[in-house]
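Below is one structure, written out as structure tokens, with a few remarks after it.
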Amino acid sequence: MERPAVVSTRRTPSVPEYNISTSTLAFDQHFTSTAKGILLMAEIVFGMLVWILIGGTDYYHLSALCWVMFVAILFWVLTVCLFIIYLTGVHNRITRVPWSTLSLCFHCSATVLYLITAAVDALSVNQATRGRHNYNCWAASAFFAFLTTLCYTGSSYLSYQVWKISREDQ
């Protein structure tokens, strides 16, 4: 059997033509270089170190460390969400939410709870045997919990400044 000698002149595009819509979310490249962005990234990194260091041990035998894990993971997740909101500019698109008040309340509550958590974490280090894995991890997590508290304190101050300016404008 012979093949037909008809050659199609119609070219098919290498990429299918679809109706592709672009996202309305913006990516603020400069946010990560601002004081607010740097503090949020530090809160994420240090907060993650707190719960990773405790999570790698037998923390569940001490109810105080269960509290530390709860606070560390809760505020880590909320901080990641807040970071994504600011990074993508969602806070500029949703104007009905009082972002300055929300940020102030979030960071102040995180500061207070993380300060309590850091103290509980530091006091729990004595429950472990010195030089052992649990002791080293719990001591390191207490150090990073205090660093995280300092970052949340800085963010609280910056949030207060923004909140105060937004109140004066009203």
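Chain labels A, B, ... are given in the sequence in which chains occur in the structure tokens; within each chain residues are numbered consecutively from 1, and ligands are likewise numbered from 1 in the order shown.
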Could you give me, as JSON lines, every region 69-158 of chain A residue with an atom at most 12 Å from region 47-50 of chain A, plus its closest atom pair and distance in Å to one decimal, counting only C-alpha atoms, rows ordered by chain then number?
```
{"residue": "A:Met69", "atom": "CA", "partner": "A:Val50", "partner_atom": "CA", "distance": 8.0}
{"residue": "A:Phe70", "atom": "CA", "partner": "A:Val50", "partner_atom": "CA", "distance": 11.0}
{"residue": "A:Val71", "atom": "CA", "partner": "A:Gly47", "partner_atom": "CA", "distance": 9.5}
{"residue": "A:Ala72", "atom": "CA", "partner": "A:Gly47", "partner_atom": "CA", "distance": 6.0}
{"residue": "A:Ile73", "atom": "CA", "partner": "A:Met48", "partner_atom": "CA", "distance": 7.6}
{"residue": "A:Leu74", "atom": "CA", "partner": "A:Gly47", "partner_atom": "CA", "distance": 9.8}
{"residue": "A:Phe75", "atom": "CA", "partner": "A:Gly47", "partner_atom": "CA", "distance": 7.8}
{"residue": "A:Trp76", "atom": "CA", "partner": "A:Gly47", "partner_atom": "CA", "distance": 5.8}
{"residue": "A:Val77", "atom": "CA", "partner": "A:Met48", "partner_atom": "CA", "distance": 9.4}
{"residue": "A:Leu78", "atom": "CA", "partner": "A:Gly47", "partner_atom": "CA", "distance": 11.0}
{"residue": "A:Thr79", "atom": "CA", "partner": "A:Gly47", "partner_atom": "CA", "distance": 9.2}
{"residue": "A:Val80", "atom": "CA", "partner": "A:Gly47", "partner_atom": "CA", "distance": 10.3}
{"residue": "A:Ala110", "atom": "CA", "partner": "A:Gly47", "partner_atom": "CA", "distance": 11.1}
{"residue": "A:Tyr114", "atom": "CA", "partner": "A:Gly47", "partner_atom": "CA", "distance": 9.6}
{"residue": "A:Thr117", "atom": "CA", "partner": "A:Val50", "partner_atom": "CA", "distance": 10.4}
{"residue": "A:Ala118", "atom": "CA", "partner": "A:Val50", "partner_atom": "CA", "distance": 9.5}
{"residue": "A:Asp121", "atom": "CA", "partner": "A:Val50", "partner_atom": "CA", "distance": 9.5}
{"residue": "A:Ala122", "atom": "CA", "partner": "A:Val50", "partner_atom": "CA", "distance": 11.7}
{"residue": "A:Cys137", "atom": "CA", "partner": "A:Val50", "partner_atom": "CA", "distance": 9.0}
{"residue": "A:Trp138", "atom": "CA", "partner": "A:Val50", "partner_atom": "CA", "distance": 8.6}
{"residue": "A:Ala139", "atom": "CA", "partner": "A:Val50", "partner_atom": "CA", "distance": 10.0}
{"residue": "A:Ala140", "atom": "CA", "partner": "A:Val50", "partner_atom": "CA", "distance": 7.9}
{"residue": "A:Ser141", "atom": "CA", "partner": "A:Val50", "partner_atom": "CA", "distance": 4.6}
{"residue": "A:Ala142", "atom": "CA", "partner": "A:Val50", "partner_atom": "CA", "distance": 7.3}
{"residue": "A:Phe143", "atom": "CA", "partner": "A:Val50", "partner_atom": "CA", "distance": 8.5}
{"residue": "A:Phe144", "atom": "CA", "partner": "A:Val50", "partner_atom": "CA", "distance": 5.9}
{"residue": "A:Ala145", "atom": "CA", "partner": "A:Val50", "partner_atom": "CA", "distance": 6.0}
{"residue": "A:Phe146", "atom": "CA", "partner": "A:Val50", "partner_atom": "CA", "distance": 9.6}
{"residue": "A:Leu147", "atom": "CA", "partner": "A:Gly47", "partner_atom": "CA", "distance": 8.8}
{"residue": "A:Thr148", "atom": "CA", "partner": "A:Gly47", "partner_atom": "CA", "distance": 6.0}
{"residue": "A:Thr149", "atom": "CA", "partner": "A:Gly47", "partner_atom": "CA", "distance": 9.1}
{"residue": "A:Leu150", "atom": "CA", "partner": "A:Gly47", "partner_atom": "CA", "distance": 11.3}
{"residue": "A:Cys151", "atom": "CA", "partner": "A:Gly47", "partner_atom": "CA", "distance": 9.9}
{"residue": "A:Tyr152", "atom": "CA", "partner": "A:Gly47", "partner_atom": "CA", "distance": 10.3}
```
Residues near Thr32 (chain A), cut-off 10 Å, only C-alpha atoms, skip fewer than 4 positions along chain, as a PDB file with C-alpha atoms, in the first residue's frame:
```pdb
ATOM      1  CA  ASP A  28       6.648  42.816  46.423  1.00  0.00           C
ATOM      2  CA  LYS A  36       9.250  44.454  58.784  1.00  0.00           C
ATOM      3  CA  GLY A  37      10.152  41.823  56.192  1.00  0.00           C
ATOM      4  CA  ILE A  38      13.505  41.014  57.794  1.00  0.00           C
ATOM      5  CA  LEU A  39      11.905  40.640  61.226  1.00  0.00           C
ATOM      6  CA  LEU A  40       9.163  38.390  59.834  1.00  0.00           C
ATOM      7  CA  MET A  41      11.741  36.185  58.119  1.00  0.00           C
ATOM      8  CA  PHE A  83       4.476  36.975  55.661  1.00  0.00           C
ATOM      9  CA  TYR A  86       2.494  41.068  53.028  1.00  0.00           C
ATOM     10  CA  LEU A  87       4.767  39.572  50.372  1.00  0.00           C
TER      11      LEU A  87
END
```
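Nearest to Leu158 (chain A) of all the residues A:Arg96, A:His107, A:Arg130, A:Leu115 is A:His107, counting only C-alpha atoms.
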At a cut-off of 9 Å, using only C-alpha atoms, what residues contact Leu62 (chain A)? Leave out same-chain residues fewer than 4 positions from it and give the result as a ChimeraX atom specification. /A:58,66,124,127
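Interatomic distance, CA of Gln161 (chain A) to CA of Leu104 (chain A): 9.2 Å.
Atom to atom, CA of Tyr59 (chain A) and CA of Ala128 (chain A) stand 10.1 Å apart.
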* Asked: Please, which residues of chain A, numbered as in this document, come out alpha helix (DSSP H) from DSSP, as number ranges by chain?
  -> A: 35-55, 63-88, 90-93, 99-124, 133-169
